[in-house]
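Coordinates from work32.txt are shown below (compact mmCIF, C-alpha atoms and all ligand atoms).
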```
# COMPACT_ATOMS: atom_id res chain seq x y z
CA MET A 1 116.54 42.34 24.85
CA LEU A 2 113.13 40.78 25.45
CA ASN A 3 111.17 43.78 24.34
CA ASP A 4 110.44 45.23 20.98
CA LYS A 5 109.95 48.97 20.69
CA SER A 6 106.21 48.98 20.11
CA ASN A 7 104.88 51.20 22.86
CA SER A 8 101.22 51.79 22.05
CA ASN A 9 98.47 51.09 24.53
CA PRO A 10 97.80 47.36 24.41
CA ILE A 11 94.16 46.25 24.19
CA VAL A 12 94.99 42.97 25.91
CA GLU A 13 97.60 42.33 28.57
CA MET A 14 98.18 38.92 30.10
CA LYS A 15 100.45 39.30 33.12
CA ASN A 16 102.53 36.78 35.06
CA ILE A 17 100.64 33.83 33.62
CA LYS A 18 101.61 30.46 35.09
CA LYS A 19 100.15 27.10 34.18
CA TYR A 20 101.20 23.64 35.32
CA PHE A 21 99.91 20.34 34.00
CA GLY A 22 101.04 18.01 36.79
CA HIS A 23 104.81 18.43 36.77
CA VAL A 24 104.89 20.04 33.33
CA LYS A 25 105.39 23.79 33.54
CA ALA A 26 103.47 24.74 30.41
CA LEU A 27 103.70 28.50 31.07
CA ASP A 28 106.25 30.12 33.35
CA ASP A 29 105.50 33.73 34.25
CA VAL A 30 104.41 34.83 30.81
CA ASP A 31 103.67 38.48 29.95
CA PHE A 32 101.85 38.82 26.64
CA GLU A 33 100.29 41.90 25.05
CA ILE A 34 98.12 42.46 22.00
CA ASN A 35 98.22 45.96 20.49
CA PRO A 36 95.41 47.65 18.58
CA GLN A 37 95.25 46.86 14.87
CA GLU A 38 98.25 44.57 14.72
CA ILE A 39 98.95 41.13 13.32
CA LEU A 40 100.92 39.36 15.98
CA ALA A 41 102.71 36.06 15.35
CA LEU A 42 103.00 33.79 18.37
CA VAL A 43 105.69 31.24 17.52
CA GLY A 44 107.63 28.48 19.23
CA ASP A 45 108.47 24.80 18.96
CA ASN A 46 106.06 21.92 19.63
CA GLY A 47 105.04 21.99 23.28
CA ALA A 48 106.33 25.56 23.84
CA GLY A 49 103.00 26.60 25.39
CA LYS A 50 101.39 28.56 22.55
CA SER A 51 98.02 26.79 22.52
CA THR A 52 97.90 26.82 26.32
CA LEU A 53 98.43 30.60 26.36
CA ILE A 54 95.67 31.32 23.88
CA LYS A 55 93.33 28.82 25.54
CA ILE A 56 93.74 30.83 28.74
CA LEU A 57 92.80 33.98 26.80
CA SER A 58 89.77 32.22 25.35
CA GLY A 59 88.63 30.77 28.67
CA VAL A 60 89.11 27.09 27.78
CA ILE A 61 91.89 26.69 30.39
CA LEU A 62 92.19 28.56 33.68
CA PRO A 63 95.68 29.76 34.65
CA ASP A 64 97.21 28.77 38.01
CA GLU A 65 98.41 32.35 38.46
CA GLY A 66 98.29 35.64 36.60
CA SER A 67 95.77 38.19 35.40
CA ILE A 68 94.27 39.47 32.19
CA TYR A 69 93.53 43.13 31.43
CA MET A 70 91.59 44.64 28.56
CA ASN A 71 92.11 48.32 27.91
CA ARG A 72 93.90 48.45 31.29
CA LYS A 73 90.90 47.01 33.17
CA LYS A 74 91.20 43.64 34.86
CA VAL A 75 88.82 41.11 33.31
CA LYS A 76 87.57 37.67 34.33
CA ILE A 77 87.78 35.05 31.61
CA GLU A 78 86.54 31.83 33.15
CA ASN A 79 84.87 30.18 30.17
CA PRO A 80 84.72 30.62 26.38
CA ASN A 81 81.57 32.74 26.63
CA ASP A 82 83.36 35.33 28.78
CA SER A 83 86.01 35.63 26.11
CA ILE A 84 83.54 35.91 23.22
CA LYS A 85 81.58 38.57 25.13
CA LEU A 86 84.81 40.56 25.43
CA GLY A 87 85.14 40.46 21.63
CA ILE A 88 87.75 37.73 21.32
CA GLY A 89 87.13 35.06 18.64
CA THR A 90 89.34 31.96 18.61
CA VAL A 91 90.01 29.25 16.04
CA TYR A 92 91.44 26.29 17.93
CA GLN A 93 94.19 24.01 16.66
CA ASP A 94 91.92 21.05 17.43
CA LEU A 95 89.07 22.74 15.53
CA ALA A 96 85.97 21.64 17.47
CA ILE A 97 83.69 20.98 14.52
CA VAL A 98 80.46 19.10 15.13
CA ASP A 99 80.60 16.17 12.69
CA CYS A 100 76.89 15.35 12.67
CA LEU A 101 75.79 18.90 11.74
CA ASN A 102 75.91 20.39 8.28
CA VAL A 103 78.42 23.06 7.22
CA ALA A 104 76.02 26.00 7.68
CA ALA A 105 74.97 24.86 11.15
CA ASN A 106 78.65 24.62 12.13
CA ILE A 107 79.30 28.16 10.92
CA PHE A 108 76.39 29.48 12.99
CA LEU A 109 76.80 27.18 15.97
CA GLY A 110 75.36 28.87 19.08
CA ARG A 111 74.32 32.03 17.23
CA GLU A 112 71.82 30.74 14.67
CA PRO A 113 69.74 33.46 12.99
CA ARG A 114 66.12 33.26 14.27
CA ARG A 115 62.67 33.93 12.81
CA ALA A 116 60.22 35.48 15.27
CA GLY A 117 62.90 34.98 17.91
CA ILE A 118 62.20 31.25 18.02
CA PHE A 119 62.74 29.26 14.83
CA VAL A 120 66.14 28.94 13.22
CA ASN A 121 66.06 30.95 9.99
CA ARG A 122 67.59 28.25 7.77
CA LYS A 123 67.26 30.23 4.55
CA LYS A 124 69.34 33.08 5.97
CA MET A 125 71.78 30.65 7.57
CA PHE A 126 72.43 28.85 4.27
CA LYS A 127 72.73 32.11 2.30
CA ASP A 128 75.11 33.77 4.80
CA SER A 129 77.18 30.58 5.06
CA GLU A 130 77.57 30.40 1.29
CA GLU A 131 78.84 34.00 1.32
CA SER A 132 81.40 33.25 4.07
CA LEU A 133 82.69 30.22 2.16
CA LYS A 134 83.00 32.22 -1.05
CA LYS A 135 84.99 34.95 0.71
CA LEU A 136 87.43 32.37 2.05
CA LYS A 137 87.61 30.49 -1.29
CA ILE A 138 86.57 27.37 0.60
CA LYS A 139 85.90 24.52 -1.77
CA ILE A 140 82.86 22.81 -0.29
CA ASP A 141 80.10 21.71 -2.68
CA SER A 142 77.19 22.56 -0.44
CA VAL A 143 76.67 24.22 2.92
CA ARG A 144 74.06 21.48 3.50
CA GLN A 145 76.82 18.83 3.50
CA ILE A 146 77.43 17.02 6.79
CA ALA A 147 80.71 18.25 8.33
CA GLY A 148 81.85 14.72 9.22
CA TYR A 149 82.55 14.01 5.54
CA LEU A 150 84.80 17.03 4.93
CA SER A 151 88.53 16.69 4.21
CA GLY A 152 91.11 17.93 6.76
CA GLY A 153 91.70 21.14 4.78
CA GLN A 154 87.97 21.78 4.33
CA ARG A 155 87.41 21.32 8.06
CA GLN A 156 90.15 23.82 8.82
CA SER A 157 88.76 26.39 6.38
CA LEU A 158 85.34 25.89 7.94
CA ALA A 159 86.71 26.51 11.45
CA VAL A 160 88.42 29.71 10.28
CA GLY A 161 85.29 30.81 8.37
CA ARG A 162 83.10 30.33 11.42
CA VAL A 163 85.18 32.59 13.65
CA ILE A 164 85.97 35.20 11.03
CA SER A 165 82.27 35.71 10.34
CA MET A 166 81.81 36.69 14.02
CA ASP A 167 81.85 40.33 15.07
CA CYS A 168 85.01 40.40 17.20
CA ASP A 169 87.75 42.97 17.89
CA ILE A 170 90.44 40.36 18.36
CA PHE A 171 90.87 37.14 16.38
CA VAL A 172 93.12 34.37 17.61
CA LEU A 173 94.00 31.73 15.03
CA ASP A 174 95.91 28.65 16.21
CA GLU A 175 97.59 27.08 13.15
CA PRO A 176 94.94 28.31 10.68
CA THR A 177 96.85 27.21 7.56
CA ALA A 178 98.41 23.92 8.72
CA ALA A 179 96.14 21.68 6.65
CA LEU A 180 95.47 24.08 3.79
CA GLY A 181 96.52 24.02 0.15
CA VAL A 182 98.36 26.95 -1.46
CA GLU A 183 95.29 28.81 -2.66
CA GLU A 184 93.33 28.29 0.58
CA SER A 185 96.33 29.44 2.67
CA SER A 186 96.65 32.62 0.60
CA ALA A 187 92.93 33.27 1.09
CA VAL A 188 93.28 32.95 4.87
CA LEU A 189 96.36 35.19 4.94
CA LYS A 190 94.55 37.78 2.80
CA LEU A 191 91.58 37.63 5.14
CA ILE A 192 93.85 38.25 8.11
CA LYS A 193 95.21 41.36 6.38
CA ASP A 194 91.65 42.51 5.56
CA LEU A 195 90.65 42.11 9.21
CA LYS A 196 93.58 44.30 10.22
CA ASP A 197 92.53 46.92 7.65
CA GLN A 198 89.11 46.91 9.34
CA GLY A 199 90.86 47.87 12.60
CA LYS A 200 90.99 44.41 14.19
CA SER A 201 93.89 42.74 15.98
CA ILE A 202 94.89 39.22 15.01
CA VAL A 203 97.08 36.71 16.81
CA ILE A 204 98.34 33.98 14.49
CA ILE A 205 100.10 30.87 15.72
CA SER A 206 101.99 29.03 13.00
CA HIS A 207 105.01 26.84 12.38
CA ASN A 208 105.11 28.19 8.84
CA LEU A 209 107.43 31.19 9.25
CA ALA A 210 107.04 32.17 5.60
CA HIS A 211 103.30 32.54 6.17
CA VAL A 212 103.68 34.58 9.34
CA PHE A 213 106.46 36.77 7.95
CA SER A 214 104.24 37.63 4.99
CA VAL A 215 101.54 39.17 7.21
CA SER A 216 102.82 39.90 10.74
CA ASP A 217 103.74 43.22 12.36
CA ARG A 218 105.28 41.68 15.45
CA PHE A 219 106.63 38.40 16.80
CA VAL A 220 106.43 36.88 20.25
CA VAL A 221 108.54 33.76 20.75
CA LEU A 222 107.80 31.13 23.38
CA ARG A 223 110.32 28.49 24.37
CA GLN A 224 109.62 25.83 26.98
CA GLY A 225 106.88 27.92 28.57
CA LYS A 226 108.84 31.20 28.68
CA ILE A 227 108.79 34.26 26.47
CA VAL A 228 112.27 34.42 24.95
CA GLY A 229 111.79 37.32 22.56
CA LYS A 230 109.48 40.04 21.30
CA ARG A 231 110.37 41.70 18.01
CA LEU A 232 108.86 44.04 15.45
CA ALA A 233 108.75 42.18 12.13
CA ASN A 234 110.75 44.87 10.33
CA GLU A 235 113.49 44.71 12.95
CA THR A 236 114.13 40.98 12.85
CA THR A 237 114.93 38.17 10.42
CA THR A 238 113.81 34.58 9.93
CA GLU A 239 117.25 33.49 11.20
CA GLU A 240 116.86 35.42 14.45
CA ILE A 241 113.34 34.10 15.05
CA VAL A 242 114.48 30.52 14.31
CA SER A 243 117.41 30.88 16.71
CA MET A 244 115.02 32.08 19.44
CA ILE A 245 112.63 29.19 18.76
CA THR A 246 115.41 26.59 18.96
CA GLY A 247 117.34 28.14 21.84
CA ALA A 248 120.49 28.82 19.78
CA TYR A 249 119.94 32.51 20.56
CA GLU A 250 120.39 32.02 24.32
CA LEU A 251 123.65 30.15 23.77
CA LYS A 252 125.02 32.97 21.62
CA ASN A 253 123.96 35.86 23.91
N1 LIG B 301 95.48 19.29 28.80
C1 LIG B 301 96.77 19.02 29.03
N2 LIG B 301 97.15 18.10 29.94
C2 LIG B 301 98.44 17.84 30.20
N3 LIG B 301 99.46 18.45 29.58
C3 LIG B 301 99.15 19.37 28.65
C4 LIG B 301 97.80 19.71 28.32
N4 LIG B 301 97.82 20.66 27.38
C5 LIG B 301 99.11 20.92 27.11
N5 LIG B 301 99.93 20.15 27.88
C6 LIG B 301 101.40 20.19 27.89
O1 LIG B 301 101.79 21.55 28.04
C7 LIG B 301 102.89 21.87 27.18
C8 LIG B 301 102.51 22.98 26.24
O2 LIG B 301 101.56 22.50 25.31
P1 LIG B 301 100.88 23.40 24.19
O3 LIG B 301 99.80 22.60 23.56
O4 LIG B 301 100.51 24.71 24.76
O5 LIG B 301 102.10 23.59 23.16
P2 LIG B 301 102.13 24.30 21.74
O6 LIG B 301 103.18 25.35 21.79
O7 LIG B 301 100.76 24.71 21.33
O8 LIG B 301 102.66 23.11 20.80
P3 LIG B 301 102.29 22.70 19.27
O9 LIG B 301 103.11 23.58 18.40
O10 LIG B 301 102.74 21.28 19.20
O11 LIG B 301 100.82 22.85 19.09
C9 LIG B 301 103.28 20.55 26.49
O12 LIG B 301 104.31 19.95 27.25
C10 LIG B 301 102.00 19.73 26.58
O13 LIG B 301 102.29 18.37 26.60
MG MG B 302 99.50 24.11 19.84
```
How does the structure come out when it is put into structure tokens?
Ligand SMILES: Nc1ncnc2c1ncn2[C@@H]1O[C@H](COP(=O)(O)OP(=O)(O)OP(=O)(O)O)[C@@H](O)[C@H]1O
Ligand SMILES: [Mg+2]
Amino acid sequence: MLNDKSNSNPIVEMKNIKKYFGHVKALDDVDFEINPQEILALVGDNGAGKSTLIKILSGVILPDEGSIYMNRKKVKIENPNDSIKLGIGTVYQDLAIVDCLNVAANIFLGREPRRAGIFVNRKKMFKDSEESLKKLKIKIDSVRQIAGYLSGGQRQSLAVGRVISMDCDIFVLDEPTAALGVEESSAVLKLIKDLKDQGKSIVIISHNLAHVFSVSDRFVVLRQGKIVGKRLANETTTEEIVSMITGAYELKN
């Protein structure tokens, strides 16, 4: 009942993941896989443990128990750099944008293009940033604008743009469309599909089931720190996913 019928070789496997915050059991023995070239929707109610699970994959939080495998090999992810080095790019729900830097500097944070290996190549940084913004249809007047003055939606687009311009195999997007307008949301969803066409895997966390149903291949549902269902998108319905999210499913079965 828990398992869908996708049986390819996963690129990522998180096994028996447990995480407590004091008395709160945020994750209770979670098994989570990401398959090659899939768009995977990770869904669940507020506080279900979604962000905690992906923060463990991105090295922001360490699990109390459990292991992570990539291509069947056990890996150590103890900080965000470990995760990035393994080809995993994450857009966090709480964004992490540096308010006092301009838009371009935020896009290239920590990987600024250099001249002669020393000086930041600002010309290239501004030009490449403008291209990323255009691709995402992000409405920001200038990449030289200070990020602290951006609107909520602009900040979110910027956070997505930053990660998507990185060369990763796996992209994890925690609520990438929550603050976005209709056009900006469509641009992000289209970008997610484009990434898949380029052979990448994408995990999308969203409360907007219409958004995730429009792009996802597979669903994983978390409820109160436990996986309650895994389904292929073409073998489930919005009603079934909602009933798993709310717990109505367990009462019925
Ligand atoms: N740093 C923390 N310290 C203490 N408790 C935490 C911390 N982070 C998360 N929690 C708790 O762990 C549980 C899972 O939280 P998490 O943020 O993973 O949920 P979520 O599924 O992402 O929810 P949402 O949809 O609201 O973003 C919640 O009960 C939350 O209060
Ligand atoms: Mg969350």
Counting only C-alpha atoms, the residue among A:Gly153, A:Gly161, A:Pro80, A:Gly229 that lies closest to Ile245 in chain A is A:Gly229
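Residue nearest Ile61 in chain A within the list A:Asn46, A:Gln224, A:Ser201, A:Ser83: A:Ser83 [criterion: smallest interatomic distance, only C-alpha atoms].
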Go through A:Leu195, A:Ile204, A:Leu27, A:Leu150 and flag the residue nearest ligand LIG 301 (chain B), using only C-alpha atoms and all ligand atoms for the distances. A:Leu27
Please identify all protein, DNA and RNA residues within 8 Å of ligand LIG 301 (chain B), counting all atoms listed in the file, and report them as a ChimeraX atom specification. /A:20-22,24-27,43-53,93,175,206-207,222,224-225
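In this comparison, which uses all atoms listed in the file, the residue of A:Thr236, A:Gln156, A:Asn79, A:Thr246 approaching Val91 in chain A most closely is A:Gln156.
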